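Enquirer: Provided herewith: input_35.txt, compact mmCIF, C-alpha atoms.
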# COMPACT_ATOMS: atom_id res chain seq x y z
CA MET A 1 14.05 9.00 -6.76
CA ALA A 2 13.51 5.55 -8.22
CA SER A 3 10.49 4.82 -6.03
CA VAL A 4 8.93 8.22 -6.79
CA VAL A 5 9.50 7.78 -10.53
CA ARG A 6 8.13 4.23 -10.53
CA TYR A 7 5.06 5.25 -8.53
CA THR A 8 4.32 8.17 -10.85
CA ALA A 9 4.82 6.01 -13.95
CA ARG A 10 2.59 3.24 -12.57
CA THR A 11 -0.26 5.42 -11.28
CA GLN A 12 0.13 8.40 -13.63
CA GLU A 13 -0.38 10.60 -10.55
CA SER A 14 1.82 13.53 -9.57
CA VAL A 15 3.97 13.19 -6.45
CA ILE A 16 4.81 16.26 -4.40
CA LEU A 17 7.02 15.84 -1.36
CA ASP A 18 7.06 19.11 0.57
CA ASP A 19 9.78 17.83 2.88
CA ALA A 20 11.31 14.63 1.55
CA SER A 21 13.49 14.33 4.66
CA ALA A 22 10.40 13.89 6.86
CA PRO A 23 8.97 10.40 7.44
CA GLY A 24 6.61 9.41 4.65
CA PRO A 25 5.90 6.86 1.93
CA PHE A 26 9.14 7.65 0.04
CA SER A 27 11.45 8.36 2.99
CA ASP A 28 13.19 4.99 2.53
CA ASP A 29 14.27 5.85 -1.03
CA ALA A 30 18.08 5.57 -1.06
CA TYR A 31 18.52 8.30 -3.69
CA ILE A 32 16.45 10.81 -1.71
CA ARG A 33 18.39 10.03 1.47
CA GLU A 34 21.82 10.16 -0.24
CA ARG A 35 21.11 13.43 -2.09
CA HIS A 36 19.40 14.98 0.96
CA ALA A 37 16.46 16.01 -1.22
CA ARG A 38 14.15 18.37 0.60
CA SER A 39 11.46 19.12 -2.00
CA VAL A 40 10.52 16.67 -4.76
CA LEU A 41 8.05 16.92 -7.62
CA CYS A 42 7.34 14.20 -10.17
CA VAL A 43 4.68 14.85 -12.82
CA PRO A 44 3.53 12.37 -15.48
CA LEU A 45 3.38 13.66 -19.04
CA VAL A 46 0.29 11.95 -20.42
CA LYS A 47 -1.20 12.23 -23.89
CA GLN A 48 -4.48 10.45 -24.63
CA ASP A 49 -4.18 8.23 -21.52
CA ARG A 50 -0.66 7.15 -22.56
CA LEU A 51 2.39 7.96 -20.46
CA VAL A 52 4.82 9.81 -22.72
CA ALA A 53 7.44 10.92 -20.17
CA LEU A 54 7.97 12.09 -16.60
CA LEU A 55 9.09 15.43 -15.23
CA TYR A 56 11.19 14.95 -12.07
CA LEU A 57 12.44 17.97 -10.12
CA GLU A 58 14.12 18.15 -6.76
CA ASN A 59 15.58 20.79 -4.49
CA ASN A 60 18.03 19.84 -1.78
CA LEU A 61 18.18 23.28 -0.16
CA ALA A 62 14.67 24.00 1.11
CA PRO A 63 11.36 22.27 1.87
CA HIS A 64 8.02 23.42 0.42
CA VAL A 65 9.58 24.70 -2.83
CA PHE A 66 6.84 23.34 -5.09
CA THR A 67 3.95 25.58 -4.08
CA PRO A 68 0.50 25.09 -5.64
CA ALA A 69 1.09 28.07 -7.98
CA ARG A 70 4.48 26.77 -9.16
CA THR A 71 3.12 23.26 -9.53
CA ALA A 72 0.21 24.54 -11.64
CA VAL A 73 2.62 26.30 -14.01
CA LEU A 74 4.82 23.19 -14.25
CA LYS A 75 1.78 21.02 -15.03
CA VAL A 76 0.81 23.34 -17.91
CA VAL A 77 4.36 23.17 -19.26
CA ALA A 78 4.34 19.38 -18.78
CA SER A 79 1.06 19.01 -20.70
CA GLN A 80 2.50 21.00 -23.61
CA ALA A 81 5.63 18.84 -23.51
CA ALA A 82 3.47 15.70 -23.58
CA ILE A 83 1.70 16.96 -26.70
CA SER A 84 5.01 17.72 -28.42
CA LEU A 85 6.55 14.40 -27.41
CA GLY A 86 3.44 12.52 -28.52
CA MET A 87 3.59 14.12 -31.98
CA ARG A 88 7.30 13.32 -32.24
CA VAL A 89 6.75 9.66 -31.30
CA ARG A 90 3.93 9.34 -33.85
CA ALA A 91 6.11 10.86 -36.58
CA ALA A 92 8.99 8.55 -35.71
CA ASP A 93 6.68 5.53 -35.63
CA ALA A 94 5.36 6.37 -39.08
CA THR A 95 8.87 6.13 -40.55
CA THR A 96 10.10 3.09 -38.61
CA SER A 97 9.87 -0.57 -39.52
CA GLY A 98 7.53 -2.84 -37.55
CA ASN A 99 10.25 -4.65 -35.58
CA LEU A 100 12.02 -1.49 -34.50
CA ARG A 101 8.72 0.15 -33.56
CA HIS A 102 7.79 -2.84 -31.37
CA SER A 103 11.22 -2.83 -29.74
CA ARG A 104 11.06 0.87 -28.93
CA MET A 105 7.56 0.71 -27.53
CA SER A 106 8.27 -2.29 -25.31
CA SER A 107 11.32 -0.78 -23.61
CA ARG A 108 11.22 2.37 -21.51
CA SER A 109 13.98 4.30 -19.89
CA VAL A 110 13.93 7.33 -17.69
CA GLY A 111 16.79 9.73 -17.30
CA ALA A 112 17.67 12.09 -14.50
CA VAL A 113 19.91 15.13 -14.72
CA SER A 114 21.37 16.84 -11.65
CA MET A 115 22.11 20.54 -12.05
CA SER A 116 25.07 21.94 -10.14
CA GLY A 117 24.30 25.53 -11.10
CA PRO A 118 22.44 27.56 -13.71
CA GLY A 119 22.80 25.72 -16.99
CA ARG A 120 25.37 23.21 -15.71
CA ALA A 121 24.49 19.52 -15.56
CA SER A 122 26.64 17.75 -13.01
CA ARG A 123 25.33 14.21 -13.30
CA CYS A 124 23.14 12.24 -15.69
CA ARG A 125 21.65 8.91 -14.77
CA ALA A 126 19.37 6.45 -16.54
CA LEU A 127 16.76 4.39 -14.71
CA ALA A 128 15.11 1.25 -16.01
CA MET A 129 11.37 1.00 -15.50
Step by step, read the file and then write its structure as structure tokens.

Expert:
Amino acid sequence: MASVVRYTARTQESVILDDASAPGPFSDDAYIRERHARSVLCVPLVKQDRLVALLYLENNLAPHVFTPARTAVLKVVASQAAISLGMRVRAADATTSGNLRHSRMSSRSVGAVSMSGPGRASRCRALAM
């Protein structure tokens, strides 16, 4: 996951792995191998050419889960999320002191949540970028 997330953050391009277990550019990722991820999708949430967040989804049961139609819907949802997150960051920046604002903007973290069933998070993990 870390290599997929870093690539998406760096290039601001979506990554879709139809079968993450097949040989490919991210097949050496330890997280993907350990979790036996089959389908992976990572979408950048960009607002005015600025990366606001990333949407990372995986499925360890089946390949080819993220079809073009599903990916299109997720990208629309991601763009709306980017707009909302961008407005929230601007509002927070307007009320923060200069030092704290600089500190927050210069450090980024990415979190991952694993779902063990509908509505149940089984594992949360933070990644440094």

Enquirer: Just give me the gap between CA of Met1 (chain A) and CA of Ser84 (chain A) in Å, one decimal is fine.

Expert: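 Computing it gives 25.0 Å between the two atoms.
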
Enquirer: With all atoms listed in the file as the counted atoms, please give the residues lying no more than 10 Å from region 27-38 of chain A, apart from itself and same-chain residues fewer than 3 positions off, as a PyMOL selection string.

Expert: chain A and resi 1-4+17-24+57-65

Enquirer: Once you add 3 Å to each side, what are the centre and edge lengths of the axis-aligned box holding all listed atoms of region 15-24 of chain A? One decimal in Å, as JSON, if you can.

Expert:
{"center_x": 8.7, "center_y": 14.3, "center_z": 0.5, "size_x": 15.5, "size_y": 15.7, "size_z": 19.9}

Enquirer: What is the CA of Ala72 (chain A)-CA of Asp49 (chain A) distance in Å, reported with one decimal?

Expert: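 Answer for the CA of Ala72 (chain A) to CA of Asp49 (chain A) separation: 19.6 Å.
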
Enquirer: List every protein, DNA or RNA residue that has an atom no more than 12 Å from (2.1, 14.4, -20.4) in the file's coordinate frame, counting all atoms listed in the file, and report them as a ChimeraX atom specification.

Expert: /A:8-9,12-14,42-55,74-87

Enquirer: Of the residues A:Val40, A:Phe26, A:Thr11, A:Val5, which is the one nearest to Phe66 (chain A), using only C-alpha atoms?

Expert: A:Val40

Enquirer: When you count all atoms listed in the file, which of these residues is closest to Tyr56 (chain A): A:Arg10, A:Val15, A:Ala69, A:Pro25?

Expert: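 For Tyr56 (chain A), the nearest of the given residues is A:Val15.
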